[in-house]
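my_file-v1.pdb, holding PDB, C-alpha atoms:
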ATOM      1  CA  MET E   1      33.290  96.282 138.598
ATOM      2  CA  GLU E   2      30.805  94.670 136.217
ATOM      3  CA  ALA E   3      31.570  96.981 133.299
ATOM      4  CA  PRO E   4      35.129  95.704 132.582
ATOM      5  CA  GLU E   5      33.874  92.101 132.563
ATOM      6  CA  GLN E   6      31.191  93.126 130.111
ATOM      7  CA  HIS E   7      33.803  94.633 127.785
ATOM      8  CA  ASN E   8      35.753  91.349 127.792
ATOM      9  CA  LYS E   9      32.708  89.469 126.475
ATOM     10  CA  SER E  10      32.018  91.998 123.729
ATOM     11  CA  ARG E  11      34.252  94.300 121.731
ATOM     12  CA  VAL E  12      31.489  96.937 121.787
ATOM     13  CA  VAL E  13      32.085  99.725 124.300
ATOM     14  CA  LYS E  14      28.943 101.251 125.806
ATOM     15  CA  ILE E  15      29.309 105.007 126.110
ATOM     16  CA  ASP E  16      27.636 106.230 129.288
ATOM     17  CA  SER E  17      28.829 109.847 129.479
ATOM     18  CA  VAL E  18      30.252 112.681 127.419
ATOM     19  CA  GLU E  19      33.572 112.053 129.168
ATOM     20  CA  SER E  20      33.705 108.408 128.075
ATOM     21  CA  TRP E  21      32.795 109.468 124.514
ATOM     22  CA  ASP E  22      35.610 112.032 124.481
ATOM     23  CA  PHE E  23      38.082 109.526 125.939
ATOM     24  CA  TYR E  24      37.438 106.746 123.404
ATOM     25  CA  PHE E  25      36.991 109.153 120.482
ATOM     26  CA  ASN E  26      40.292 110.924 121.195
ATOM     27  CA  GLN E  27      42.188 107.697 121.877
ATOM     28  CA  ALA E  28      41.041 106.048 118.628
ATOM     29  CA  THR E  29      41.580 109.214 116.586
ATOM     30  CA  ASN E  30      45.102 109.655 117.944
ATOM     31  CA  GLN E  31      45.910 106.016 117.113
ATOM     32  CA  GLY E  32      44.479 106.267 113.589
ATOM     33  CA  CYS E  33      41.811 103.700 114.436
ATOM     34  CA  PRO E  34      38.452 103.853 112.598
ATOM     35  CA  ILE E  35      35.403 104.225 114.852
ATOM     36  CA  VAL E  36      31.996 102.647 114.241
ATOM     37  CA  VAL E  37      29.198 104.080 116.377
ATOM     38  CA  HIS E  38      25.693 102.676 116.858
ATOM     39  CA  PHE E  39      23.292 105.316 118.160
ATOM     40  CA  THR E  40      20.432 103.406 119.706
ATOM     41  CA  ALA E  41      17.458 103.672 122.058
ATOM     42  CA  SER E  42      15.898 100.991 124.241
ATOM     43  CA  TRP E  43      12.417 101.845 122.914
ATOM     44  CA  CYS E  44      13.448 101.560 119.241
ATOM     45  CA  ILE E  45      12.847  97.989 118.072
ATOM     46  CA  PRO E  46      15.071  98.247 114.931
ATOM     47  CA  SER E  47      17.929  99.517 117.140
ATOM     48  CA  VAL E  48      17.482  96.727 119.659
ATOM     49  CA  THR E  49      17.398  94.071 116.921
ATOM     50  CA  MET E  50      20.686  95.442 115.524
ATOM     51  CA  ASN E  51      22.554  94.994 118.837
ATOM     52  CA  PRO E  52      23.571  91.320 118.335
ATOM     53  CA  TYR E  53      24.594  92.042 114.725
ATOM     54  CA  PHE E  54      26.648  95.039 115.865
ATOM     55  CA  LYS E  55      28.489  92.804 118.357
ATOM     56  CA  GLU E  56      29.133  90.315 115.555
ATOM     57  CA  LEU E  57      30.560  93.088 113.364
ATOM     58  CA  ALA E  58      32.817  94.194 116.225
ATOM     59  CA  SER E  59      34.249  90.676 116.405
ATOM     60  CA  ALA E  60      34.700  90.514 112.640
ATOM     61  CA  PHE E  61      36.428  93.897 112.285
ATOM     62  CA  GLN E  62      39.178  93.877 114.908
ATOM     63  CA  ASP E  63      40.868  96.951 113.387
ATOM     64  CA  ALA E  64      38.048  99.323 114.371
ATOM     65  CA  LEU E  65      36.672 100.628 117.653
ATOM     66  CA  PHE E  66      32.958  99.874 118.099
ATOM     67  CA  LEU E  67      30.936 102.175 120.346
ATOM     68  CA  THR E  68      27.269 102.134 121.252
ATOM     69  CA  VAL E  69      25.461 105.231 122.471
ATOM     70  CA  ASP E  70      21.952 105.192 123.962
ATOM     71  CA  VAL E  71      20.587 108.563 122.894
ATOM     72  CA  ASP E  72      18.415 108.828 126.005
ATOM     73  CA  ASP E  73      21.397 108.230 128.316
ATOM     74  CA  VAL E  74      23.887 110.493 126.536
ATOM     75  CA  LYS E  75      21.806 113.117 124.728
ATOM     76  CA  GLU E  76      24.753 115.509 124.454
ATOM     77  CA  VAL E  77      26.717 113.122 122.231
ATOM     78  CA  ALA E  78      23.713 112.442 119.987
ATOM     79  CA  THR E  79      23.159 116.195 119.618
ATOM     80  CA  ARG E  80      26.855 116.853 118.943
ATOM     81  CA  MET E  81      26.875 114.196 116.201
ATOM     82  CA  GLU E  82      23.550 115.455 114.763
ATOM     83  CA  VAL E  83      21.748 112.142 115.286
ATOM     84  CA  LYS E  84      18.013 112.564 114.817
ATOM     85  CA  ALA E  85      16.747 109.011 114.163
ATOM     86  CA  MET E  86      17.525 105.538 115.429
ATOM     87  CA  PRO E  87      19.302 103.441 114.604
ATOM     88  CA  THR E  88      22.032 105.660 113.186
ATOM     89  CA  PHE E  89      25.470 104.271 112.416
ATOM     90  CA  LEU E  90      28.450 106.586 112.045
ATOM     91  CA  LEU E  91      31.763 105.490 110.560
ATOM     92  CA  MET E  92      34.538 107.829 111.565
ATOM     93  CA  LYS E  93      38.134 108.169 110.518
ATOM     94  CA  GLY E  94      40.658 110.800 111.539
ATOM     95  CA  GLY E  95      38.113 112.406 113.837
ATOM     96  CA  THR E  96      35.521 113.046 111.137
ATOM     97  CA  VAL E  97      32.403 111.241 109.969
ATOM     98  CA  VAL E  98      33.042 109.488 106.645
ATOM     99  CA  GLU E  99      29.778 107.530 106.486
ATOM    100  CA  LYS E 100      26.361 107.973 108.088
ATOM    101  CA  LEU E 101      23.705 105.293 107.767
ATOM    102  CA  VAL E 102      20.215 105.689 109.179
ATOM    103  CA  GLY E 103      18.117 102.552 109.613
ATOM    104  CA  ALA E 104      18.673  98.856 110.161
ATOM    105  CA  ASN E 105      20.363  97.570 107.004
ATOM    106  CA  PRO E 106      22.890  94.917 108.104
ATOM    107  CA  GLU E 107      24.346  94.180 104.655
ATOM    108  CA  GLU E 108      24.947  97.834 103.824
ATOM    109  CA  ILE E 109      26.502  98.508 107.235
ATOM    110  CA  ARG E 110      28.903  95.580 106.817
ATOM    111  CA  LYS E 111      29.856  96.735 103.308
ATOM    112  CA  ARG E 112      30.548 100.306 104.443
ATOM    113  CA  ILE E 113      32.547  99.206 107.507
ATOM    114  CA  ASP E 114      34.608  96.899 105.313
ATOM    115  CA  ALA E 115      35.370  99.754 102.911
ATOM    116  CA  VAL E 116      36.428 102.117 105.721
ATOM    117  CA  VAL E 117      38.588  99.511 107.461
ATOM    118  CA  GLN E 118      40.211  98.437 104.166
ATOM    119  CA  SER E 119      40.987 102.052 103.213
ATOM    120  CA  ASN E 120      42.490 102.565 106.659
ATOM    121  CA  ARG E 121      44.798  99.550 106.185
ATOM    122  CA  VAL E 122      46.024 100.953 102.876
ATOM    123  CA  TYR E 123      46.448 104.421 104.421
ATOM    124  CA  VAL E 124      48.427 103.132 107.406
ATOM    125  CA  ALA E 125      50.609 100.780 105.346
TER     126      ALA E 125
END

Representation of the structure as structure tokens:
Amino acid sequence: MEAPEQHNKSRVVKIDSVESWDFYFNQATNQGCPIVVHFTASWCIPSVTMNPYFKELASAFQDALFLTVDVDDVKEVATRMEVKAMPTFLLMKGGTVVEKLVGANPEEIRKRIDAVVQSNRVYVA
């Protein structure tokens, strides 16, 4: 029962299986909620250094679902989303990828998330 407590501390959901990916992806898509995904690996220093920043972004952008996927734990999802390097950040809306950023560039990631979330607010309103 540690996982639910962990989710309360952070708005970032750790994907640990294809089933959990499908569940959160489908739920957010059906609700019209943008998805921000951080594809990471424990051995990739730039990915690891982005983790605290990603959590901060999740707190700042309450209108989006933030997911993290360790490519070694859930290879199928990384393959499905054509992720070949870490860190990779995908911004998704309506079930499709609208932005793909490879590398640790905090300012650019924030700017792109802001644009996607803002366009979603206009679209929904």

Leaving out Ser17 (chain E) and any residue of its chain fewer than 3 positions from it, which residues lie within 9 Å of it when counting all atoms listed in the file, given as a compact mmCIF listing (two decimals) with C-alpha atoms, keeping the file's coordinate frame?
# COMPACT_ATOMS: atom_id res chain seq x y z
CA SER E 20 33.70 108.41 128.07
CA TRP E 21 32.80 109.47 124.51
CA ASP E 22 35.61 112.03 124.48
CA ASP E 73 21.40 108.23 128.32
CA VAL E 74 23.89 110.49 126.54
CA GLU E 76 24.75 115.51 124.45
CA VAL E 77 26.72 113.12 122.23

**Message:** Let me make sure I understand: among E:Glu56, E:Asp16, E:Glu107, E:Asp63, which one has the smallest atom-to-atom distance to Gln31 (chain E) if we use all atoms listed in the file?
**Reply:**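 Nearest candidate to Gln31 (chain E) out of E:Glu56, E:Asp16, E:Glu107, E:Asp63: E:Asp63.
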
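Ranking E:Asn105, E:Gln118, E:Thr79, E:Thr68 by their shortest atom-to-atom distance to Val36 (chain E), with only C-alpha atoms included, puts E:Thr68 first.
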
**Selection result of the PyMOL selection byres ((chain E and resi 42) around 10) on this file, as a list of chain:residue names** = E:Thr40, E:Ala41, E:Trp43, E:Cys44, E:Ile45, E:Pro46, E:Ser47, E:Val48, E:Asp70, E:Val71, E:Asp72, E:Asp73

**Request:** Quick one: pull the distance between CA of Ile15 (chain E) and CA of Ala60 (chain E), Å, one decimal.
**Result:**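 It comes out at 20.5 Å.
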
Which residues, protein or nucleic acid, reach to within 12 Å of (17.5, 112.1, 114.4) in the file's coordinates when using all atoms listed in the file, and can you give that as a compact mmCIF listing (two decimals) with C-alpha atoms, keeping the file's coordinate frame?
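Now in point-v2.txt:
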# COMPACT_ATOMS: atom_id res chain seq x y z
CA PHE E 39 23.29 105.32 118.16
CA THR E 40 20.43 103.41 119.71
CA ALA E 41 17.46 103.67 122.06
CA VAL E 71 20.59 108.56 122.89
CA LYS E 75 21.81 113.12 124.73
CA ALA E 78 23.71 112.44 119.99
CA THR E 79 23.16 116.20 119.62
CA ARG E 80 26.86 116.85 118.94
CA MET E 81 26.88 114.20 116.20
CA GLU E 82 23.55 115.46 114.76
CA VAL E 83 21.75 112.14 115.29
CA LYS E 84 18.01 112.56 114.82
CA ALA E 85 16.75 109.01 114.16
CA MET E 86 17.52 105.54 115.43
CA PRO E 87 19.30 103.44 114.60
CA THR E 88 22.03 105.66 113.19
CA PHE E 89 25.47 104.27 112.42
CA LYS E 100 26.36 107.97 108.09
CA LEU E 101 23.70 105.29 107.77
CA VAL E 102 20.22 105.69 109.18
CA GLY E 103 18.12 102.55 109.61

**Item:** Separation of CA of Thr49 (chain E) from CA of Gly94 (chain E), in Å and rounded to one decimal
**Value:**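 Taking CA of Thr49 (chain E) and CA of Gly94 (chain E), their separation equals 29.2 Å.
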
Let me have the centre and edge lengths of the axis-aligned box enclosing all listed atoms of region 54-73 of chain E with 6 Å padding on every side, in Å to one decimal, as AutoDock Vina command-line options.
--center_x 29.6 --center_y 99.6 --center_z 120.3 --size_x 34.5 --size_y 30.5 --size_z 28.0

**Request:** Specify as a PyMOL selection string each residue included when the PyMOL selection byres ((chain E and resi 11) around 6) is applied to this file.
**Result:** chain E and resi 10+12+58

Let me see the file: selected residues, C-alpha atoms, as a PDB file, in the coordinates of the input.
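Full text of result.pdb as output:
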ATOM      1  CA  SER E  10      32.018  91.998 123.729  1.00  0.00           C
ATOM      2  CA  VAL E  12      31.489  96.937 121.787  1.00  0.00           C
ATOM      3  CA  ALA E  58      32.817  94.194 116.225  1.00  0.00           C
TER       4      ALA E  58
END

**Residues selected by the PyMOL selection byres ((chain E and resi 65) around 7), written as a PyMOL selection string** = chain E and resi 33-36+64+66-67

Could you write region 106-118 of chain E as a compact mmCIF listing (two decimals), in the coordinates of the input, with N, CA, C and O atoms rebuilt where they are missing?
# COMPACT_ATOMS: atom_id res chain seq x y z
N PRO E 106 21.66 95.63 107.75
CA PRO E 106 22.89 94.92 108.10
C PRO E 106 23.90 94.76 106.96
O PRO E 106 25.09 94.98 107.15
N GLU E 107 23.42 94.41 105.77
CA GLU E 107 24.35 94.18 104.66
C GLU E 107 25.08 95.46 104.26
O GLU E 107 26.27 95.46 103.99
N GLU E 108 24.34 96.55 104.21
CA GLU E 108 24.95 97.83 103.82
C GLU E 108 25.94 98.31 104.89
O GLU E 108 27.01 98.82 104.56
N ILE E 109 25.60 98.11 106.15
CA ILE E 109 26.50 98.51 107.24
C ILE E 109 27.81 97.73 107.14
O ILE E 109 28.89 98.30 107.22
N ARG E 110 27.70 96.42 106.94
CA ARG E 110 28.90 95.58 106.82
C ARG E 110 29.76 96.04 105.64
O ARG E 110 30.98 96.16 105.75
N LYS E 111 29.13 96.32 104.51
CA LYS E 111 29.86 96.74 103.31
C LYS E 111 30.60 98.06 103.55
O LYS E 111 31.76 98.21 103.19
N ARG E 112 29.93 99.00 104.19
CA ARG E 112 30.55 100.31 104.44
C ARG E 112 31.68 100.20 105.46
O ARG E 112 32.71 100.85 105.31
N ILE E 113 31.48 99.39 106.52
CA ILE E 113 32.55 99.21 107.51
C ILE E 113 33.76 98.57 106.83
O ILE E 113 34.89 99.00 107.04
N ASP E 114 33.51 97.57 106.01
CA ASP E 114 34.61 96.90 105.31
C ASP E 114 35.39 97.90 104.47
O ASP E 114 36.63 97.89 104.48
N ALA E 115 34.70 98.76 103.76
CA ALA E 115 35.37 99.75 102.91
C ALA E 115 36.22 100.72 103.75
O ALA E 115 37.36 101.03 103.38
N VAL E 116 35.69 101.17 104.87
CA VAL E 116 36.43 102.12 105.72
C VAL E 116 37.65 101.44 106.34
O VAL E 116 38.74 102.00 106.36
N VAL E 117 37.47 100.23 106.84
CA VAL E 117 38.59 99.51 107.46
C VAL E 117 39.66 99.18 106.41
O VAL E 117 40.85 99.35 106.67
N GLN E 118 39.25 98.75 105.23
CA GLN E 118 40.21 98.44 104.17
C GLN E 118 40.98 99.69 103.75
O GLN E 118 42.19 99.63 103.57
